[in-house]
Amino acid sequence: MANLSQLRRQRMLAFLEKMREQHKDDDEVLVAINEVENEINEKKYGLVWEEHSEEVEERMVDEVPIFVEDKDKEITMTDNGYNFLLEGDNLHSLHLLEKTHKEKIDVIYIDPPYNTGNEDFIYDDNYVDKEDAFRHSKWLSFMKSRLTVAKKLLSVDGVVFISIDDNEMANLKLVCDSVFGADSFIGCLPRVTKKSGKQHSNNIANNHDYVLVYSNTESPDTFCGIQVKDDSYPFKDEFYEERGGYQLNQTLDYSSLFYNEAMDYEIDIEGEKFYAGGDKTKWKNRHNGDHKNTDWVWRWGKQKLAFGLENGFVVIKSSRNGKRIYTKTYAKASIGKNGNDYFIDYVDRENNLSSLSLTENSFSNDNAKKELQKVMPSGSFDFPKPSLLIRQLLEIIRNKDVEVLDFFAGSGTTGQAVLELNKDDGGNRHFILCTNNENNICDDVTYPRIKTIITGERKDGKKYSDGVPANLKYYHTDFIPKKNDNLANDLIAHIDEMIQLEYGVKIDKEKYISILTDEDADELEKNWTNYPNIRAIYISRHVLLTGKQKELFGTHDCFTIPDYYFREELREAGEA
């Protein structure tokens, strides 16, 4: 069969060749023809959309992005390296992280705007609503520019987790396939957002979203499965030794969207009769044809129920509306089926990563709101994620000494998850959080939340916990114009922020020292005896050390400050 698209491309390209020959002496026309040819050849499969640029991208053409430390917000409680909170446009932050953390980030988790059209996505300071004809194109341009940089930050074993819902799920999957590579796709994990109640869309209750997983490796050494929490299966029965604890599920009967008479049978348990919905009269009426399209039925058929009753997967409990039948899910066992036969399927959940691993209610948004209120009684944030979600994702990663990046940090859930998981399992994870300060979210929620987790003291002065000792540095994003007679000096003034970010240290002029000029080197040599606690010295490659200085400084770890922090920007400005 003919490839019609290819035939059309060939006809257009042949026409362009004629135009190129006719205008071979007109440089302006030839440039235009080349641009058209590139557009025709660019995409064979995948998403096509109207690409948009952002203000921050356009500003970076004429201005140099920098970080400025807010030293008043620094928290120092240990000697174990620093975490970072970067306030500002995340594309700005990612551009600078590409200089300090290229191929150094082990885990990325992001919760980007879902682009629902309900004021959840801002593009160039304006909300994108459902009436915007370029709603999806703007979101795709916004995401691809960030994911492209994120790909460069991933370590060789790096893993990416992205939360998303139905509004952009299909589009995001294709963009990620393009950026990370289709072979890097690991899986899609549905996550329960709300167990109780219904959020309807086209007659289907939307009670879940997704976590897309991509990785630079499929090595079994990277993933170790999701560890089962004891409180996820809190109840014990006579099968505890072999099946572990169990959780009680919803009642066996439910109001189905599509009534099925075969699933609306009478249940007899030791002479006691049970009917879906709890009413025998209504059950009889349904079997006489008096039923709605949506009506009561059982979730299990007769054969599965019989097996469940015989093997302890069913329990009867009293409620306000009489006795009801509930089902159990065990930590290490479930009901399996082979053909027409049911069996007990023993599952090693501690070493098995299932696509349904995030469907328990503990991962829901309801729990996230309650969690945030405990830490920040006055804090307000729409649709936070529970820290247990990020904890579980981090626990999939076997290595406990990793760099974690969240460039849609929002309320700071990832920071809390990293800190508390380190406390519980002795890990040495560090985080970098990027968020804007829209509606003062960073000042009023993100930073106070992280500070509360570290210090154990809430913003209102009340005790939250015993704390999780850790260190934090707080940076703002800013710009310096490239057309600036003092550009080099202005950039040197912000080299320390870059050193601190790359190495996770504090340039305190005592333990960690930066030497940016010959004068700095002379000063350190002159006062050498006043610095008995030096751990590392960071020296600009433009500094000419004397033989004595090389010998003196060489008694400690010395690192060359790389040119790549601002080399390209200085070169463009003619100063490099």
# chains A, B, ... in the order shown; residues from 1 in each chain; ligands from 1

$ select_by_dssp --residues "region 77-256 of chain A" --states "strand (DSSP E)" --output "PyMOL selection string"
chain A and resi 83-87+105-110+122-123+126-127+154-164+185-192+200-201+204-205+208-215+246-251+253-256

$ residues_around --residues "Phe343 (chain A)" --least-positions-apart "3" --cutoff "12 Å" --atoms "only C-alpha atoms" --output "VMD selection string"
chain A and resid 303 to 304 306 to 308 310 to 311 313 333 to 340 346

$ residues_around --residues "Pro112 (chain A)" --least-positions-apart "5" --cutoff "10 Å" --atoms "only C-alpha atoms" --output "PDB file with all heavy atoms, in the first residue's frame"
ATOM      1  N   ASP A 120      -5.802  26.490  36.316  1.00  0.00           N
ATOM      2  CA  ASP A 120      -4.705  25.741  36.941  1.00  0.00           C
ATOM      3  C   ASP A 120      -3.405  25.896  36.165  1.00  0.00           C
ATOM      4  O   ASP A 120      -2.352  25.458  36.624  1.00  0.00           O
ATOM      5  CB  ASP A 120      -5.068  24.254  37.049  1.00  0.00           C
ATOM      6  CG  ASP A 120      -5.088  23.555  35.697  1.00  0.00           C
ATOM      7  OD1 ASP A 120      -5.656  24.142  34.750  1.00  0.00           O
ATOM      8  OD2 ASP A 120      -4.560  22.441  35.585  1.00  0.00           O
ATOM      9  N   PHE A 121      -3.450  26.512  34.985  1.00  0.00           N
ATOM     10  CA  PHE A 121      -2.265  26.643  34.146  1.00  0.00           C
ATOM     11  C   PHE A 121      -2.120  28.096  33.705  1.00  0.00           C
ATOM     12  O   PHE A 121      -3.000  28.656  33.046  1.00  0.00           O
ATOM     13  CB  PHE A 121      -2.371  25.719  32.938  1.00  0.00           C
ATOM     14  CG  PHE A 121      -1.287  25.891  31.905  1.00  0.00           C
ATOM     15  CD1 PHE A 121       0.036  26.077  32.279  1.00  0.00           C
ATOM     16  CD2 PHE A 121      -1.589  25.859  30.546  1.00  0.00           C
ATOM     17  CE1 PHE A 121       1.037  26.239  31.335  1.00  0.00           C
ATOM     18  CE2 PHE A 121      -0.595  26.013  29.594  1.00  0.00           C
ATOM     19  CZ  PHE A 121       0.719  26.211  29.996  1.00  0.00           C
ATOM     20  N   TRP A 139       0.411  24.436  26.358  1.00  0.00           N
ATOM     21  CA  TRP A 139       0.833  23.502  27.411  1.00  0.00           C
ATOM     22  C   TRP A 139       1.956  22.598  26.898  1.00  0.00           C
ATOM     23  O   TRP A 139       2.934  22.352  27.601  1.00  0.00           O
ATOM     24  CB  TRP A 139      -0.362  22.666  27.865  1.00  0.00           C
ATOM     25  CG  TRP A 139      -0.092  21.813  29.070  1.00  0.00           C
ATOM     26  CD1 TRP A 139      -0.229  22.167  30.388  1.00  0.00           C
ATOM     27  CD2 TRP A 139       0.365  20.459  29.076  1.00  0.00           C
ATOM     28  NE1 TRP A 139       0.120  21.126  31.213  1.00  0.00           N
ATOM     29  CE2 TRP A 139       0.493  20.060  30.436  1.00  0.00           C
ATOM     30  CE3 TRP A 139       0.690  19.543  28.086  1.00  0.00           C
ATOM     31  CZ2 TRP A 139       0.914  18.785  30.807  1.00  0.00           C
ATOM     32  CZ3 TRP A 139       1.118  18.275  28.454  1.00  0.00           C
ATOM     33  CH2 TRP A 139       1.224  17.902  29.809  1.00  0.00           C
ATOM     34  N   MET A 143       5.687  22.379  28.405  1.00  0.00           N
ATOM     35  CA  MET A 143       6.228  21.140  28.964  1.00  0.00           C
ATOM     36  C   MET A 143       7.475  20.675  28.218  1.00  0.00           C
ATOM     37  O   MET A 143       8.458  20.256  28.838  1.00  0.00           O
ATOM     38  CB  MET A 143       5.167  20.049  28.942  1.00  0.00           C
ATOM     39  CG  MET A 143       4.046  20.246  29.965  1.00  0.00           C
ATOM     40  SD  MET A 143       4.633  20.298  31.672  1.00  0.00           S
ATOM     41  CE  MET A 143       5.346  18.665  31.848  1.00  0.00           C
ATOM     42  N   ILE A 162       6.091  11.439  36.600  1.00  0.00           N
ATOM     43  CA  ILE A 162       5.283  12.617  36.277  1.00  0.00           C
ATOM     44  C   ILE A 162       3.818  12.325  36.578  1.00  0.00           C
ATOM     45  O   ILE A 162       3.235  11.398  36.018  1.00  0.00           O
ATOM     46  CB  ILE A 162       5.417  13.015  34.791  1.00  0.00           C
ATOM     47  CG1 ILE A 162       6.886  13.158  34.390  1.00  0.00           C
ATOM     48  CG2 ILE A 162       4.672  14.319  34.526  1.00  0.00           C
ATOM     49  CD1 ILE A 162       7.099  13.463  32.923  1.00  0.00           C
ATOM     50  N   SER A 163       3.218  13.142  37.450  1.00  0.00           N
ATOM     51  CA  SER A 163       1.785  13.029  37.721  1.00  0.00           C
ATOM     52  C   SER A 163       1.006  13.781  36.652  1.00  0.00           C
ATOM     53  O   SER A 163       1.400  14.879  36.236  1.00  0.00           O
ATOM     54  CB  SER A 163       1.453  13.612  39.102  1.00  0.00           C
ATOM     55  OG  SER A 163       1.912  12.776  40.137  1.00  0.00           O
ATOM     56  N   ILE A 164      -0.117  13.212  36.219  1.00  0.00           N
ATOM     57  CA  ILE A 164      -0.932  13.832  35.168  1.00  0.00           C
ATOM     58  C   ILE A 164      -2.311  13.197  35.204  1.00  0.00           C
ATOM     59  O   ILE A 164      -2.491  12.108  35.776  1.00  0.00           O
ATOM     60  CB  ILE A 164      -0.271  13.650  33.783  1.00  0.00           C
ATOM     61  CG1 ILE A 164      -0.819  14.658  32.775  1.00  0.00           C
ATOM     62  CG2 ILE A 164      -0.405  12.214  33.306  1.00  0.00           C
ATOM     63  CD1 ILE A 164      -0.488  16.097  33.079  1.00  0.00           C
ATOM     64  N   ASP A 406      12.513  18.275  41.923  1.00  0.00           N
ATOM     65  CA  ASP A 406      11.094  18.526  41.647  1.00  0.00           C
ATOM     66  C   ASP A 406      10.992  19.965  41.168  1.00  0.00           C
ATOM     67  O   ASP A 406      11.158  20.900  41.952  1.00  0.00           O
ATOM     68  CB  ASP A 406      10.258  18.316  42.904  1.00  0.00           C
ATOM     69  CG  ASP A 406       8.760  18.518  42.664  1.00  0.00           C
ATOM     70  OD1 ASP A 406       8.397  19.025  41.582  1.00  0.00           O
ATOM     71  OD2 ASP A 406       7.963  18.194  43.562  1.00  0.00           O
ATOM     72  N   PHE A 407      10.766  20.171  39.860  1.00  0.00           N
ATOM     73  CA  PHE A 407      10.712  21.536  39.351  1.00  0.00           C
ATOM     74  C   PHE A 407       9.283  22.050  39.169  1.00  0.00           C
ATOM     75  O   PHE A 407       9.057  23.071  38.519  1.00  0.00           O
ATOM     76  CB  PHE A 407      11.551  21.709  38.080  1.00  0.00           C
ATOM     77  CG  PHE A 407      11.285  20.742  36.957  1.00  0.00           C
ATOM     78  CD1 PHE A 407      10.351  21.032  35.977  1.00  0.00           C
ATOM     79  CD2 PHE A 407      12.016  19.564  36.855  1.00  0.00           C
ATOM     80  CE1 PHE A 407      10.131  20.175  34.925  1.00  0.00           C
ATOM     81  CE2 PHE A 407      11.810  18.698  35.800  1.00  0.00           C
ATOM     82  CZ  PHE A 407      10.860  18.995  34.828  1.00  0.00           C
ATOM     83  N   PHE A 408       8.315  21.355  39.767  1.00  0.00           N
ATOM     84  CA  PHE A 408       6.968  21.890  39.984  1.00  0.00           C
ATOM     85  C   PHE A 408       6.631  21.640  41.459  1.00  0.00           C
ATOM     86  O   PHE A 408       5.685  20.925  41.785  1.00  0.00           O
ATOM     87  CB  PHE A 408       5.949  21.198  39.078  1.00  0.00           C
ATOM     88  CG  PHE A 408       6.027  21.595  37.630  1.00  0.00           C
ATOM     89  CD1 PHE A 408       6.713  20.816  36.720  1.00  0.00           C
ATOM     90  CD2 PHE A 408       5.408  22.752  37.175  1.00  0.00           C
ATOM     91  CE1 PHE A 408       6.794  21.169  35.376  1.00  0.00           C
ATOM     92  CE2 PHE A 408       5.476  23.124  35.837  1.00  0.00           C
ATOM     93  CZ  PHE A 408       6.167  22.326  34.938  1.00  0.00           C
ATOM     94  N   ALA A 409       7.421  22.215  42.346  1.00  0.00           N
ATOM     95  CA  ALA A 409       7.413  21.801  43.754  1.00  0.00           C
ATOM     96  C   ALA A 409       6.142  22.183  44.505  1.00  0.00           C
ATOM     97  O   ALA A 409       5.818  21.557  45.513  1.00  0.00           O
ATOM     98  CB  ALA A 409       8.631  22.377  44.471  1.00  0.00           C
ATOM     99  N   GLY A 410       5.435  23.209  44.069  1.00  0.00           N
ATOM    100  CA  GLY A 410       4.169  23.560  44.717  1.00  0.00           C
ATOM    101  C   GLY A 410       4.298  23.766  46.207  1.00  0.00           C
ATOM    102  O   GLY A 410       5.041  24.622  46.684  1.00  0.00           O
TER     103      GLY A 410
END

$ closest_residue --among "A:Leu421, A:Leu154, A:Met263, A:Ile513" --to "Gly301 (chain A)" --atoms "only C-alpha atoms"
A:Met263

$ closest_residue --among "A:Asn399, A:Ser357, A:Gln250, A:Gln500" --to "Gly158 (chain A)" --atoms "only C-alpha atoms"
A:Asn399

$ select_by_dssp --residues "region 37-213 of chain A" --states "helix (DSSP H, G or I)" --output "PyMOL selection string"
chain A and resi 37-42+55-62+71-73+90-100+135-153+169-180+182-184

$ residues_around --residues "Val404 (chain A)" --least-positions-apart "6" --cutoff "8 Å" --atoms "only C-alpha atoms" --output "PyMOL selection string"
chain A and resi 105-109+429-432

$ residues_around --residues "Asn41 (chain A)" --least-positions-apart "4" --cutoff "9 Å" --atoms "only C-alpha atoms" --output "ChimeraX atom specification"
/A:9,36-37

$ write_last_selection --atoms "N, CA and C atoms" --output "tab-separated table (two decimals), in the first residue's frame"
chain	number	residue	atom	x	y	z
A	9	ARG	N	4.72	14.61	0.52
A	9	ARG	CA	5.99	15.28	0.85
A	9	ARG	C	6.90	15.33	-0.38
A	36	VAL	N	11.01	26.12	4.89
A	36	VAL	CA	9.83	25.32	4.51
A	36	VAL	C	10.21	23.85	4.38
A	37	GLU	N	11.37	23.58	3.76
A	37	GLU	CA	11.84	22.21	3.58
A	37	GLU	C	12.07	21.52	4.92

$ closest_atom_pairs --of "region 115-156 of chain A" --to "region 79-95 of chain A" --cutoff "12 Å" --atoms "only C-alpha atoms" --output "JSON lines"
{"residue": "A:Ile122", "atom": "CA", "partner": "A:Asp89", "partner_atom": "CA", "distance": 11.4}
{"residue": "A:Tyr123", "atom": "CA", "partner": "A:Asp89", "partner_atom": "CA", "distance": 11.1}
{"residue": "A:Asp124", "atom": "CA", "partner": "A:Asp89", "partner_atom": "CA", "distance": 10.4}
{"residue": "A:Asp125", "atom": "CA", "partner": "A:Asp89", "partner_atom": "CA", "distance": 11.1}
{"residue": "A:Ser141", "atom": "CA", "partner": "A:Leu91", "partner_atom": "CA", "distance": 11.9}
{"residue": "A:Phe142", "atom": "CA", "partner": "A:Leu91", "partner_atom": "CA", "distance": 9.0}
{"residue": "A:Met143", "atom": "CA", "partner": "A:Leu91", "partner_atom": "CA", "distance": 9.8}
{"residue": "A:Lys144", "atom": "CA", "partner": "A:Leu91", "partner_atom": "CA", "distance": 10.7}
{"residue": "A:Ser145", "atom": "CA", "partner": "A:Leu91", "partner_atom": "CA", "distance": 7.7}
{"residue": "A:Arg146", "atom": "CA", "partner": "A:Leu91", "partner_atom": "CA", "distance": 6.1}
{"residue": "A:Leu147", "atom": "CA", "partner": "A:Leu94", "partner_atom": "CA", "distance": 9.5}
{"residue": "A:Thr148", "atom": "CA", "partner": "A:Leu94", "partner_atom": "CA", "distance": 9.9}
{"residue": "A:Val149", "atom": "CA", "partner": "A:Leu94", "partner_atom": "CA", "distance": 6.6}
{"residue": "A:Ala150", "atom": "CA", "partner": "A:Leu94", "partner_atom": "CA", "distance": 7.3}
{"residue": "A:Lys151", "atom": "CA", "partner": "A:Leu94", "partner_atom": "CA", "distance": 10.7}
{"residue": "A:Lys152", "atom": "CA", "partner": "A:Leu94", "partner_atom": "CA", "distance": 9.9}
{"residue": "A:Leu153", "atom": "CA", "partner": "A:Leu94", "partner_atom": "CA", "distance": 8.8}

$ residues_around --residues "Arg135 (chain A)" --least-positions-apart "2" --cutoff "12 Å" --atoms "only C-alpha atoms" --output "ChimeraX atom specification"
/A:49-52,114-123,126-133,137-142,167-168

$ residues_around --residues "region 557-570 of chain A" --least-positions-apart "6" --cutoff "7 Å" --atoms "only C-alpha atoms" --output "ChimeraX atom specification"
/A:64,99,488,535-541,576

$ atom_distance --atom1 "CA of Val418 (chain A)" --atom2 "CA of Arg398 (chain A)"
14.2 Å

$ atom_distance --atom1 "CA of Asn171 (chain A)" --atom2 "CA of Val56 (chain A)"
23.5 Å

$ closest_residue --among "A:Leu252, A:Leu388, A:Ile66, A:Ala262" --to "Ile325 (chain A)" --atoms "only C-alpha atoms"
A:Leu252

$ closest_residue --among "A:Leu544, A:Ala368, A:Ile499, A:Ile515" --to "Lys194 (chain A)" --atoms "only C-alpha atoms"
A:Ala368
